[in-house]
>>> print(open('coords_8.cif').read())   # mmCIF, C-alpha atoms and all ligand atoms
data_protein
loop_
_atom_site.label_atom_id
_atom_site.label_comp_id
_atom_site.auth_asym_id
_atom_site.auth_seq_id
_atom_site.Cartn_x
_atom_site.Cartn_y
_atom_site.Cartn_z
CA MET A 324 -31.18 19.45 -64.87
CA SER A 325 -30.31 16.15 -66.47
CA GLY A 326 -28.64 12.83 -65.74
CA PRO A 327 -29.78 9.73 -63.87
CA VAL A 328 -32.56 10.25 -61.31
CA THR A 329 -32.20 8.45 -57.97
CA LEU A 330 -34.43 8.61 -54.93
CA TRP A 331 -32.57 8.21 -51.64
CA ARG A 332 -35.22 7.52 -49.04
CA ASN A 333 -35.80 6.59 -45.40
CA ALA A 334 -33.19 9.00 -44.02
CA ARG A 335 -32.93 11.33 -41.06
CA LEU A 336 -31.77 14.50 -42.80
CA ALA A 337 -29.64 17.12 -41.05
CA THR A 338 -29.95 19.51 -44.00
CA MET A 339 -28.17 22.38 -42.19
CA CYS A 340 -30.66 24.74 -43.84
CA PRO A 341 -31.93 27.62 -41.69
CA GLY A 342 -35.10 27.03 -39.68
CA ALA A 343 -35.24 23.96 -37.45
CA PRO A 344 -32.16 23.00 -35.38
CA TRP A 345 -29.72 21.20 -37.71
CA GLY A 346 -32.35 21.73 -40.45
CA LEU A 347 -33.61 18.34 -39.28
CA ILE A 348 -36.17 16.39 -41.35
CA ASP A 349 -37.22 12.98 -40.02
CA ALA A 350 -38.26 10.27 -42.50
CA GLY A 351 -36.73 12.39 -45.24
CA ALA A 352 -35.90 11.79 -48.88
CA LEU A 353 -33.50 13.26 -51.42
CA LEU A 354 -34.24 13.15 -55.12
CA VAL A 355 -31.00 13.42 -57.08
CA GLU A 356 -30.88 14.32 -60.74
CA GLY A 357 -27.44 14.19 -62.32
CA GLU A 358 -25.11 15.97 -59.96
CA LEU A 359 -27.74 18.10 -58.27
CA LEU A 360 -30.41 17.74 -55.61
CA ARG A 361 -33.78 18.04 -57.35
CA TRP A 362 -35.97 17.74 -54.25
CA VAL A 363 -35.38 17.46 -50.48
CA GLY A 364 -38.02 17.01 -47.78
CA PRO A 365 -40.16 14.60 -45.76
CA GLU A 366 -40.77 11.53 -47.90
CA SER A 367 -44.52 11.82 -47.32
CA ALA A 368 -44.49 15.19 -49.12
CA LEU A 369 -42.62 14.03 -52.23
CA PRO A 370 -44.84 14.88 -55.23
CA THR A 371 -45.90 11.70 -57.06
CA ALA A 372 -44.88 13.11 -60.43
CA LEU A 373 -41.33 13.52 -59.15
CA ALA A 374 -41.27 10.13 -57.42
CA ARG A 375 -42.25 8.51 -60.74
CA ARG A 376 -39.21 9.96 -62.45
CA ALA A 377 -36.79 8.09 -60.17
CA GLU A 378 -35.00 5.32 -62.05
CA HIS A 379 -33.58 3.91 -58.79
CA SER A 380 -34.84 4.01 -55.24
CA ILE A 381 -32.39 3.35 -52.40
CA SER A 382 -33.37 3.04 -48.74
CA LEU A 383 -30.90 4.47 -46.24
CA ASP A 384 -32.50 2.41 -43.46
CA GLY A 385 -33.11 5.40 -41.22
CA ALA A 386 -29.48 6.54 -41.24
CA LEU A 387 -28.52 10.09 -40.36
CA VAL A 388 -27.63 12.07 -43.50
CA THR A 389 -25.66 15.33 -43.59
CA PRO A 390 -24.21 17.45 -46.36
CA GLY A 391 -20.82 16.23 -47.61
CA LEU A 392 -18.15 17.58 -45.27
CA ILE A 393 -15.93 20.41 -46.46
CA ASP A 394 -12.34 20.80 -45.27
CA CYS A 395 -11.75 24.45 -46.13
CA HIS A 396 -8.09 24.77 -45.06
CA THR A 397 -5.44 22.16 -45.88
CA HIS A 398 -1.83 22.06 -46.99
CA LEU A 399 -2.08 18.57 -48.47
CA VAL A 400 0.75 18.69 -51.02
CA TYR A 401 4.24 18.41 -49.51
CA GLY A 402 7.23 16.11 -49.28
CA GLY A 403 8.66 14.48 -46.16
CA HIS A 404 7.47 14.92 -42.59
CA ARG A 405 8.60 16.72 -39.44
CA ALA A 406 8.48 14.05 -36.73
CA ARG A 407 11.95 15.10 -35.52
CA GLU A 408 10.69 18.66 -34.95
CA PHE A 409 7.81 17.20 -32.95
CA GLU A 410 10.40 15.53 -30.71
CA MET A 411 12.38 18.76 -30.45
CA ARG A 412 9.27 20.61 -29.34
CA LEU A 413 8.60 17.93 -26.73
CA GLU A 414 12.15 18.48 -25.50
CA GLY A 415 11.45 22.20 -25.05
CA ALA A 416 12.13 23.96 -28.37
CA THR A 417 9.31 26.19 -29.61
CA TYR A 418 7.69 26.21 -33.09
CA ASP A 419 8.94 29.76 -33.43
CA GLN A 420 12.57 28.87 -32.48
CA ILE A 421 12.63 25.92 -34.88
CA ALA A 422 11.32 28.12 -37.70
CA ARG A 423 13.84 30.92 -37.01
CA ALA A 424 16.67 28.36 -37.01
CA GLY A 425 15.78 27.39 -40.59
CA GLY A 426 13.56 24.40 -39.78
CA GLY A 427 9.80 24.49 -39.84
CA ILE A 428 8.16 25.37 -43.16
CA ARG A 429 11.56 25.71 -44.83
CA SER A 430 12.54 22.13 -44.05
CA THR A 431 9.35 20.97 -45.76
CA VAL A 432 10.17 23.23 -48.71
CA SER A 433 13.48 21.37 -49.17
CA ALA A 434 11.73 17.99 -49.01
CA THR A 435 9.02 19.15 -51.42
CA ARG A 436 11.43 20.51 -54.01
CA VAL A 437 13.29 17.19 -54.27
CA ALA A 438 10.10 15.10 -54.50
CA THR A 439 8.88 14.18 -57.99
CA ASP A 440 5.43 15.20 -59.23
CA GLY A 441 4.45 11.53 -59.05
CA GLN A 442 5.55 11.24 -55.43
CA LEU A 443 3.75 14.44 -54.43
CA PHE A 444 0.59 13.27 -56.16
CA LYS A 445 0.70 9.79 -54.64
CA GLN A 446 1.21 11.06 -51.09
CA ALA A 447 -1.32 13.87 -51.34
CA SER A 448 -3.96 11.66 -52.94
CA GLU A 449 -3.49 9.07 -50.18
CA ARG A 450 -4.09 11.83 -47.63
CA ALA A 451 -7.14 13.01 -49.56
CA ALA A 452 -8.48 9.45 -49.57
CA VAL A 453 -8.32 9.33 -45.76
CA LEU A 454 -10.33 12.55 -45.51
CA MET A 455 -12.84 11.25 -48.07
CA GLY A 456 -13.31 8.04 -46.08
CA GLU A 457 -14.75 10.19 -43.30
CA GLY A 458 -17.28 11.94 -45.50
CA VAL A 459 -15.27 14.81 -46.96
CA THR A 460 -16.46 15.73 -50.47
CA THR A 461 -14.79 19.14 -50.92
CA ILE A 462 -11.36 20.37 -49.84
CA GLU A 463 -9.17 23.37 -50.24
CA ILE A 464 -5.50 22.70 -50.98
CA LYS A 465 -2.90 25.42 -50.52
CA SER A 466 0.51 25.63 -52.12
CA GLY A 467 3.24 27.14 -49.95
CA TYR A 468 5.91 24.45 -49.79
CA GLY A 469 7.38 25.21 -53.21
CA LEU A 470 8.19 28.92 -52.79
CA SER A 471 9.56 29.38 -56.31
CA ALA A 472 7.72 29.91 -59.59
CA GLU A 473 8.53 26.37 -60.70
CA HIS A 474 7.77 24.55 -57.47
CA GLU A 475 4.66 26.54 -56.54
CA ALA A 476 3.23 25.72 -59.98
CA ARG A 477 4.15 22.05 -59.54
CA CYS A 478 2.34 21.83 -56.20
CA LEU A 479 -0.76 23.57 -57.56
CA ARG A 480 -0.81 21.24 -60.59
CA VAL A 481 -0.73 18.28 -58.22
CA ALA A 482 -3.66 19.81 -56.30
CA ARG A 483 -5.64 20.30 -59.52
CA ARG A 484 -4.84 16.72 -60.57
CA ILE A 485 -6.31 15.46 -57.29
CA GLY A 486 -9.54 17.26 -58.19
CA ARG A 487 -9.54 15.66 -61.64
CA GLU A 488 -8.64 12.11 -60.67
CA LEU A 489 -10.38 11.67 -57.32
CA PRO A 490 -14.10 12.06 -56.69
CA LEU A 491 -13.45 15.19 -54.69
CA THR A 492 -14.06 18.89 -55.33
CA VAL A 493 -10.76 20.74 -54.90
CA ARG A 494 -10.27 24.49 -54.54
CA CYS A 495 -6.67 25.62 -55.06
CA THR A 496 -5.15 28.47 -53.07
CA SER A 497 -1.80 30.05 -53.80
CA LEU A 498 0.17 30.50 -50.56
CA ALA A 499 3.52 31.62 -51.96
CA ALA A 500 3.70 34.10 -49.05
CA HIS A 501 4.05 31.25 -46.53
CA ALA A 502 7.74 31.59 -45.59
CA LEU A 503 10.91 33.13 -46.95
CA PRO A 504 12.86 30.64 -49.10
CA HIS A 505 16.61 30.52 -48.43
CA GLU A 506 17.51 32.03 -51.82
CA PHE A 507 15.79 35.25 -50.68
CA SER A 508 17.33 35.29 -47.16
CA ASP A 509 17.10 38.80 -45.66
CA ARG A 510 15.23 40.02 -48.78
CA PRO A 511 11.56 39.47 -47.93
CA ASP A 512 10.41 42.46 -50.00
CA ASP A 513 12.17 41.08 -53.06
CA TYR A 514 10.56 37.70 -52.45
CA ILE A 515 7.09 39.22 -52.20
CA ALA A 516 7.70 41.14 -55.43
CA ALA A 517 8.71 37.88 -57.11
CA ALA A 518 5.71 36.00 -55.72
CA CYS A 519 3.36 38.75 -56.97
CA ALA A 520 4.97 38.49 -60.39
CA TRP A 521 4.30 34.69 -60.61
CA LEU A 522 0.65 35.10 -59.91
CA PRO A 523 -0.64 36.08 -63.39
CA GLU A 524 0.97 33.03 -64.96
CA LEU A 525 -0.37 30.67 -62.29
CA GLN A 526 -3.80 32.16 -62.79
CA ALA A 527 -3.56 31.94 -66.58
CA GLU A 528 -2.83 28.23 -66.22
CA GLY A 529 -6.02 27.89 -64.18
CA LEU A 530 -4.21 26.95 -60.99
CA VAL A 531 -5.49 29.57 -58.56
CA ASP A 532 -8.93 30.05 -57.00
CA ALA A 533 -7.74 32.28 -54.13
CA VAL A 534 -4.61 33.86 -52.66
CA ASP A 535 -3.50 33.35 -49.05
CA ALA A 536 -0.56 34.65 -46.98
CA PHE A 537 0.95 33.99 -43.56
CA CYS A 538 1.05 37.30 -41.71
CA ASP A 539 2.91 36.81 -38.43
CA SER A 540 6.12 37.57 -36.56
CA ILE A 541 7.88 34.54 -38.10
CA ALA A 542 6.42 35.12 -41.57
CA PHE A 543 5.38 38.27 -43.46
CA THR A 544 4.50 41.77 -42.28
CA PRO A 545 1.15 43.45 -42.88
CA ALA A 546 2.81 45.70 -45.50
CA GLN A 547 4.13 42.66 -47.40
CA THR A 548 0.78 40.91 -47.07
CA ARG A 549 -0.94 44.00 -48.46
CA ARG A 550 1.26 43.87 -51.57
CA MET A 551 0.31 40.24 -52.12
CA PHE A 552 -3.37 41.12 -51.71
CA GLU A 553 -3.10 44.04 -54.13
CA ALA A 554 -1.65 41.68 -56.73
CA ALA A 555 -4.55 39.29 -56.12
CA ARG A 556 -7.10 42.06 -56.37
CA GLY A 557 -5.54 43.25 -59.62
CA LEU A 558 -6.28 39.79 -61.05
CA GLY A 559 -9.77 39.59 -59.55
CA LEU A 560 -8.76 36.78 -57.16
CA PRO A 561 -10.31 36.52 -53.68
CA VAL A 562 -8.00 36.50 -50.67
CA LYS A 563 -7.71 34.61 -47.36
CA LEU A 564 -5.21 35.00 -44.53
CA HIS A 565 -3.35 33.00 -41.89
CA ALA A 566 -3.99 35.71 -39.32
CA GLU A 567 -3.28 36.27 -35.61
CA GLN A 568 -2.04 32.70 -35.08
CA LEU A 569 1.07 33.33 -32.96
CA SER A 570 0.76 37.11 -32.41
CA ASN A 571 -1.60 39.98 -33.21
CA GLN A 572 -0.43 41.69 -36.41
CA HIS A 573 -3.91 43.10 -37.14
CA GLY A 574 -3.93 40.89 -40.20
CA ALA A 575 -7.65 40.14 -39.97
CA ALA A 576 -8.53 43.83 -40.33
CA LEU A 577 -6.16 44.08 -43.29
CA ALA A 578 -7.70 41.01 -44.95
CA ALA A 579 -11.18 42.41 -44.30
CA GLU A 580 -10.20 45.56 -46.20
CA PHE A 581 -9.79 43.29 -49.21
CA GLY A 582 -13.13 41.56 -48.58
CA ALA A 583 -11.36 38.32 -47.56
CA LEU A 584 -13.29 35.08 -47.91
CA SER A 585 -11.81 34.01 -44.58
CA CYS A 586 -9.27 34.70 -41.86
CA ASP A 587 -7.84 31.54 -40.34
CA HIS A 588 -6.35 30.52 -36.92
CA LEU A 589 -7.25 33.77 -35.02
CA GLU A 590 -6.06 32.85 -31.51
CA HIS A 591 -4.81 36.45 -31.06
CA LEU A 592 -7.71 38.21 -32.81
CA ASP A 593 -8.90 41.38 -31.04
CA SER A 594 -12.24 43.19 -31.07
CA ASP A 595 -11.24 45.54 -33.92
CA GLY A 596 -10.40 42.51 -36.01
CA ILE A 597 -13.75 40.93 -35.16
CA ARG A 598 -15.62 44.09 -36.15
CA ALA A 599 -13.72 44.35 -39.43
CA MET A 600 -14.42 40.69 -40.28
CA ALA A 601 -18.11 41.10 -39.48
CA ALA A 602 -18.37 44.16 -41.71
CA ALA A 603 -16.58 42.39 -44.58
CA GLY A 604 -18.52 39.13 -44.21
CA SER A 605 -15.29 37.14 -43.80
CA VAL A 606 -15.52 33.65 -42.29
CA ALA A 607 -13.48 32.84 -39.16
CA VAL A 608 -11.81 29.49 -39.88
CA LEU A 609 -10.74 27.86 -36.61
CA LEU A 610 -8.04 25.19 -36.66
CA PRO A 611 -8.17 23.17 -33.45
CA GLY A 612 -5.65 20.62 -34.76
CA ALA A 613 -2.89 23.26 -34.89
CA PHE A 614 -4.00 24.66 -31.52
CA TYR A 615 -3.69 21.17 -30.04
CA PHE A 616 -0.47 20.08 -31.74
CA LEU A 617 1.38 23.32 -30.91
CA ARG A 618 -0.01 23.07 -27.37
CA GLU A 619 -1.41 26.59 -27.59
CA THR A 620 -3.29 27.92 -24.60
CA ARG A 621 -4.90 31.04 -26.02
CA VAL A 622 -8.31 30.27 -27.45
CA PRO A 623 -9.80 32.28 -30.37
CA PRO A 624 -12.40 34.83 -29.14
CA ILE A 625 -15.49 32.70 -29.84
CA PRO A 626 -18.05 34.71 -27.81
CA GLY A 627 -16.96 37.90 -29.61
CA LEU A 628 -17.20 36.21 -33.02
CA ARG A 629 -20.66 34.90 -32.15
CA ASP A 630 -21.90 38.26 -30.86
CA ALA A 631 -20.69 40.00 -34.01
CA GLY A 632 -22.32 37.37 -36.22
CA VAL A 633 -19.06 36.26 -37.86
CA PRO A 634 -19.62 32.84 -39.47
CA ILE A 635 -17.33 30.22 -37.89
CA ALA A 636 -15.82 27.35 -39.88
CA ILE A 637 -13.61 24.47 -38.72
CA ALA A 638 -10.86 22.82 -40.77
CA SER A 639 -8.08 20.27 -40.40
CA ASP A 640 -5.21 22.61 -41.44
CA HIS A 641 -3.53 19.34 -42.43
CA ASN A 642 0.21 20.08 -42.79
CA PRO A 643 3.43 18.39 -41.62
CA GLY A 644 4.41 21.03 -39.06
CA SER A 645 1.49 22.20 -36.98
CA SER A 646 -1.33 19.75 -37.73
CA PRO A 647 -0.42 16.36 -39.21
CA GLY A 648 -3.90 14.90 -38.61
CA LEU A 649 -6.32 13.66 -41.24
CA SER A 650 -9.62 13.49 -39.38
CA LEU A 651 -12.11 16.28 -39.87
CA LEU A 652 -14.44 14.53 -37.42
CA LEU A 653 -11.78 14.78 -34.73
CA MET A 654 -11.64 18.52 -35.45
CA LEU A 655 -15.37 18.73 -34.67
CA ASN A 656 -14.76 17.11 -31.31
CA MET A 657 -11.77 19.38 -30.58
CA ALA A 658 -13.68 22.49 -31.65
CA CYS A 659 -16.23 21.64 -28.97
CA THR A 660 -13.82 20.55 -26.22
CA PHE A 661 -11.13 23.23 -26.73
CA PHE A 662 -13.13 26.12 -28.16
CA ARG A 663 -16.55 25.41 -26.61
CA LEU A 664 -18.43 25.41 -29.88
CA THR A 665 -21.75 23.63 -29.75
CA PRO A 666 -21.92 20.41 -31.79
CA GLU A 667 -24.36 22.16 -34.14
CA GLU A 668 -21.95 25.10 -34.62
CA ALA A 669 -19.17 22.61 -35.27
CA LEU A 670 -21.15 20.80 -37.98
CA ARG A 671 -22.16 24.12 -39.53
CA GLY A 672 -18.42 24.88 -39.49
CA VAL A 673 -17.61 21.98 -41.83
CA THR A 674 -20.66 22.44 -44.07
CA VAL A 675 -22.43 25.80 -44.49
CA HIS A 676 -19.62 28.06 -43.30
CA ALA A 677 -16.79 26.01 -44.79
CA ALA A 678 -18.54 26.35 -48.17
CA GLN A 679 -18.73 30.10 -47.64
CA ALA A 680 -14.99 30.23 -46.77
CA LEU A 681 -14.30 28.74 -50.21
CA GLY A 682 -16.70 30.99 -52.12
CA LEU A 683 -19.04 28.01 -52.61
CA GLY A 684 -21.78 29.21 -50.25
CA ALA A 685 -24.50 29.23 -52.92
CA THR A 686 -23.94 25.69 -54.18
CA HIS A 687 -22.42 23.53 -51.44
CA GLY A 688 -22.78 22.83 -47.73
CA GLN A 689 -26.57 22.37 -47.37
CA LEU A 690 -29.07 19.76 -48.48
CA GLN A 691 -31.43 21.86 -50.53
CA ALA A 692 -33.01 21.54 -53.98
CA GLY A 693 -30.79 23.07 -56.65
CA ARG A 694 -27.55 22.53 -54.72
CA ARG A 695 -24.90 19.91 -55.35
CA ALA A 696 -25.84 16.33 -54.46
CA ASP A 697 -22.99 15.87 -51.98
CA PHE A 698 -24.11 13.98 -48.89
CA VAL A 699 -23.05 11.42 -46.29
CA ALA A 700 -25.02 8.67 -44.55
CA TRP A 701 -23.78 7.95 -41.03
CA ASP A 702 -24.21 5.02 -38.67
CA LEU A 703 -25.57 7.44 -36.08
CA ASP A 704 -28.95 8.38 -34.66
CA ALA A 705 -28.47 12.05 -33.96
CA PRO A 706 -26.28 14.77 -35.49
CA ASN A 707 -24.68 15.76 -32.18
CA GLU A 708 -22.96 12.35 -32.21
CA LEU A 709 -20.71 13.60 -35.03
CA ALA A 710 -18.86 15.82 -32.56
CA TYR A 711 -19.14 13.36 -29.68
CA TRP A 712 -17.36 10.19 -30.79
CA PHE A 713 -13.67 10.33 -31.59
CA GLY A 714 -11.39 7.68 -33.04
CA ARG A 715 -14.38 6.05 -34.68
CA ASN A 716 -15.51 6.41 -38.27
CA PRO A 717 -19.30 6.08 -38.53
CA CYS A 718 -19.37 6.95 -42.26
CA LEU A 719 -21.56 4.44 -44.16
CA ARG A 720 -22.01 5.93 -47.62
CA VAL A 721 -20.87 9.05 -49.44
CA VAL A 722 -22.51 10.53 -52.52
CA ARG A 723 -20.58 13.23 -54.32
CA ALA A 724 -22.01 15.07 -57.32
CA GLY A 725 -24.78 12.47 -57.41
CA ILE A 726 -22.44 9.46 -57.57
CA GLU A 727 -21.78 7.08 -54.69
CA THR A 728 -18.07 7.20 -53.81
CA VAL A 729 -18.09 5.32 -50.49
CA GLY A 730 -20.48 2.47 -49.72
CA PRO A 731 -21.99 -0.66 -51.22
CA ASP A 732 -22.57 0.77 -54.71
CA ALA A 733 -19.32 2.76 -54.94
O1 LIG B 801 -1.48 26.74 -41.00
N1 LIG B 801 0.73 28.90 -39.97
C1 LIG B 801 1.29 28.65 -41.01
N2 LIG B 801 1.18 27.58 -41.78
C2 LIG B 801 0.76 26.29 -41.37
C3 LIG B 801 1.88 25.52 -40.75
C4 LIG B 801 2.94 25.24 -41.71
C5 LIG B 801 4.04 24.35 -41.21
O2 LIG B 801 4.45 24.38 -40.04
O3 LIG B 801 4.54 23.63 -42.08
C6 LIG B 801 -0.45 26.37 -40.48
O4 LIG B 801 -0.41 26.08 -39.28
FE FE B 802 -2.62 26.60 -42.50
#
>>> encode(input="coords_8.cif", output="structure tokens", more="lines below")
Ligand code: NIG
Ligand code: FE
Amino acid sequence: MSGPVTLWRNARLATMCPGAPWGLIDAGALLVEGELLRWVGPESALPTALARRAEHSISLDGALVTPGLIDCHTHLVYGGHRAREFEMRLEGATYDQIARAGGGIRSTVSATRVATDGQLFKQASERAAVLMGEGVTTIEIKSGYGLSAEHEARCLRVARRIGRELPLTVRCTSLAAHALPHEFSDRPDDYIAAACAWLPELQAEGLVDAVDAFCDSIAFTPAQTRRMFEAARGLGLPVKLHAEQLSNQHGAALAAEFGALSCDHLEHLDSDGIRAMAAAGSVAVLLPGAFYFLRETRVPPIPGLRDAGVPIAIASDHNPGSSPGLSLLLMLNMACTFFRLTPEEALRGVTVHAAQALGLGATHGQLQAGRRADFVAWDLDAPNELAYWFGRNPCLRVVRAGIETVGPDA
């Protein structure tokens, strides 16, 4: 390890490490060296030799400290908005009807294709900044509003640029199999073949960390999804899936066959899907913002996921159609109120399990020596308050990769 050494002391640490509830350590300290945590524990146990190495010592005044939050499912890069479709849904139209009539994802594709790279970057980085202000230090960004070789690449480049220019860790997911673009109308198999053919070039340019698809009645069939996944596997890329959101296509079991990092949405998941996910070690990413905004009534099968030991993550699913919100903390609250997660499960869902859903389980999501120094100090006494308040931002300071990005020294 190398780099500046800073001791962050006088904190109430919710490390989220296994053991005590919340991995709680009262009167805790974090010794940061460069971008990593060098030591974590009760301040009274900090070895003197290590304490002496600290060039700076900063008191957190007893604040609650958690790992940096991880939003493991977003569609942050897009043009325009869909407020008119929101009105149409309030007047009685369904998400499904709007999509089949050529609106929905395809209307955002049109708005994205005419936006310049600069506009896409500006809007997406403003959205990222809102998430970061609430303690988010890592996000996933999916493509899926370009739907051509040129425009998918453009959106992924914008996502990569966000990771370079903002103090935020960004994982990029290719979601070319999101909807059928108009130039392939009635030719979904041809579109999937084309999307599979773009993948090697996107990967060669370093734009893809994972491959996702939308497997549903208004999107792609399991057979088409399988072709996308085979292309990903051929390139050694992990897969994820928008699965069982609006109907049960048995997509989760299919994704599990490919060792999926995660299956996301899951309102219509059945017990076979749960078993398959458990066996594959896939994370269940729940998206209460989309559940809320589409006024869904069918809740994902949480007790079944718990019983099977499937790790549960929570994400914003930020996108212009089904979840235009930018508060991961609000998602914690909704995961508890709508889905009956415990506040501790909800926090694990945006730390430990969200890291796992991005393939970052060994390095991110817990406050532990050797892991990344990504953490947040909150103006709160207890960790269950994170899921309790809503419409309030108690974030005091954020440290990402050892550097303060929100707070007095940022
Ligand atoms: O995760 N389900 C598919 N994709 C997005 C919504 C996309 C949109 O409506 O623009 C989601 O909810
Ligand atoms: Fe999504």
>>> closest_residue(input="coords_8.cif", among="A:Arg405, A:Val432, A:Arg723, A:Ile348", to="A:Thr492", atoms="only C-alpha atoms")
A:Arg723
>>> residues_near_ligand(input="coords_8.cif", ligand="ligand LIG 801 (chain B)", cutoff="6 Å", atoms="all atoms listed in the file", output="PyMOL selection string")
chain A and resi 427-428+537+613+640+642-645
>>> residues_near_ligand(input="coords_8.cif", ligand="ligand FE 802 (chain B)", cutoff="8 Å", atoms="only C-alpha atoms and all ligand atoms", output="list in words")
His396, Thr397, His398, His565, Asp587, His588, Asp640, His641 and Asn642 of chain A
>>> residues_around(input="coords_8.cif", residues="A:Phe552", least_positions_apart="4", cutoff="12 Å", atoms="all atoms listed in the file", output="VMD selection string")
chain A and resid 497 to 500 515 to 516 518 to 519 522 533 to 538 545 to 548 556 to 564 574 577 to 583
>>> residues_around(input="coords_8.cif", residues="stretch 449-466 of chain A", least_positions_apart="6", cutoff="6 Å", atoms="all atoms listed in the file", output="PDB file with C-alpha atoms, keeping the file's coordinate frame")
ATOM      1  CA  GLY A 391     -20.820  16.230 -47.610  1.00  0.00           C
ATOM      2  CA  LEU A 392     -18.150  17.580 -45.270  1.00  0.00           C
ATOM      3  CA  ILE A 393     -15.930  20.410 -46.460  1.00  0.00           C
ATOM      4  CA  ASP A 394     -12.340  20.800 -45.270  1.00  0.00           C
ATOM      5  CA  CYS A 395     -11.750  24.450 -46.130  1.00  0.00           C
ATOM      6  CA  HIS A 396      -8.090  24.770 -45.060  1.00  0.00           C
ATOM      7  CA  THR A 397      -5.440  22.160 -45.880  1.00  0.00           C
ATOM      8  CA  HIS A 398      -1.830  22.060 -46.990  1.00  0.00           C
ATOM      9  CA  LEU A 399      -2.080  18.570 -48.470  1.00  0.00           C
ATOM     10  CA  CYS A 478       2.340  21.830 -56.200  1.00  0.00           C
ATOM     11  CA  LEU A 479      -0.760  23.570 -57.560  1.00  0.00           C
ATOM     12  CA  LEU A 491     -13.450  15.190 -54.690  1.00  0.00           C
ATOM     13  CA  THR A 492     -14.060  18.890 -55.330  1.00  0.00           C
ATOM     14  CA  VAL A 493     -10.760  20.740 -54.900  1.00  0.00           C
ATOM     15  CA  ARG A 494     -10.270  24.490 -54.540  1.00  0.00           C
ATOM     16  CA  CYS A 495      -6.670  25.620 -55.060  1.00  0.00           C
ATOM     17  CA  THR A 496      -5.150  28.470 -53.070  1.00  0.00           C
ATOM     18  CA  SER A 497      -1.800  30.050 -53.800  1.00  0.00           C
ATOM     19  CA  LEU A 498       0.170  30.500 -50.560  1.00  0.00           C
ATOM     20  CA  LEU A 649      -6.320  13.660 -41.240  1.00  0.00           C
ATOM     21  CA  VAL A 699     -23.050  11.420 -46.290  1.00  0.00           C
ATOM     22  CA  CYS A 718     -19.370   6.950 -42.260  1.00  0.00           C
TER      23      CYS A 718
END
>>> residues_around(input="coords_8.cif", residues="A:Leu709", least_positions_apart="4", cutoff="10 Å", atoms="all atoms listed in the file", output="list in words")
Leu652, Leu653, Leu655, Asn656, Pro666, Glu667, Ala669, Leu670, Trp701, Asp702, Leu703, Asp704, Ala705, Phe713, Arg715, Asn716, Pro717 and Cys718 of chain A
>>> closest_residue(input="coords_8.cif", among="A:Val363, A:Val608, A:Leu681, A:Ala575", to="A:Asp532", atoms="only C-alpha atoms")
A:Leu681
>>> closest_residue(input="coords_8.cif", among="A:Ile635, A:Val729, A:Ile597, A:Ala678", to="A:Thr665", atoms="all atoms listed in the file")
A:Ile635
>>> closest_residue(input="coords_8.cif", among="A:Ala482, A:Ala350, A:Leu719, A:Asp513", to="A:Gly529", atoms="only C-alpha atoms")
A:Ala482
>>> atom_distance(input="coords_8.cif", atom1="atom CA of A:His591", atom2="atom CA of A:Pro647")
22.1 Å
>>> build_atoms(input="coords_8.cif", residues="stretch 647-657 of chain A", atoms="N, CA and C atoms", output="PDB file, keeping the file's coordinate frame")
ATOM      1  N   PRO A 647      -0.554  17.500 -38.288  1.00  0.00           N
ATOM      2  CA  PRO A 647      -0.420  16.360 -39.210  1.00  0.00           C
ATOM      3  C   PRO A 647      -1.596  15.374 -39.150  1.00  0.00           C
ATOM      4  N   GLY A 648      -2.742  15.803 -38.719  1.00  0.00           N
ATOM      5  CA  GLY A 648      -3.900  14.900 -38.610  1.00  0.00           C
ATOM      6  C   GLY A 648      -4.740  14.878 -39.869  1.00  0.00           C
ATOM      7  N   LEU A 649      -5.493  13.814 -40.039  1.00  0.00           N
ATOM      8  CA  LEU A 649      -6.320  13.660 -41.240  1.00  0.00           C
ATOM      9  C   LEU A 649      -7.750  13.284 -40.881  1.00  0.00           C
ATOM     10  N   SER A 650      -8.246  13.793 -39.752  1.00  0.00           N
ATOM     11  CA  SER A 650      -9.620  13.490 -39.380  1.00  0.00           C
ATOM     12  C   SER A 650     -10.393  14.782 -39.144  1.00  0.00           C
ATOM     13  N   LEU A 651     -11.291  15.081 -40.068  1.00  0.00           N
ATOM     14  CA  LEU A 651     -12.110  16.280 -39.870  1.00  0.00           C
ATOM     15  C   LEU A 651     -13.108  16.067 -38.737  1.00  0.00           C
ATOM     16  N   LEU A 652     -13.527  14.802 -38.538  1.00  0.00           N
ATOM     17  CA  LEU A 652     -14.440  14.530 -37.420  1.00  0.00           C
ATOM     18  C   LEU A 652     -13.772  14.813 -36.075  1.00  0.00           C
ATOM     19  N   LEU A 653     -12.495  14.471 -35.971  1.00  0.00           N
ATOM     20  CA  LEU A 653     -11.780  14.780 -34.730  1.00  0.00           C
ATOM     21  C   LEU A 653     -11.741  16.293 -34.500  1.00  0.00           C
ATOM     22  N   MET A 654     -11.646  17.049 -35.589  1.00  0.00           N
ATOM     23  CA  MET A 654     -11.640  18.520 -35.450  1.00  0.00           C
ATOM     24  C   MET A 654     -12.967  19.021 -34.891  1.00  0.00           C
ATOM     25  N   LEU A 655     -14.076  18.343 -35.237  1.00  0.00           N
ATOM     26  CA  LEU A 655     -15.370  18.730 -34.670  1.00  0.00           C
ATOM     27  C   LEU A 655     -15.342  18.548 -33.156  1.00  0.00           C
ATOM     28  N   ASN A 656     -14.831  17.393 -32.742  1.00  0.00           N
ATOM     29  CA  ASN A 656     -14.760  17.110 -31.310  1.00  0.00           C
ATOM     30  C   ASN A 656     -13.871  18.141 -30.606  1.00  0.00           C
ATOM     31  N   MET A 657     -12.699  18.424 -31.201  1.00  0.00           N
ATOM     32  CA  MET A 657     -11.770  19.380 -30.580  1.00  0.00           C
ATOM     33  C   MET A 657     -12.344  20.791 -30.568  1.00  0.00           C
TER      34      MET A 657
END
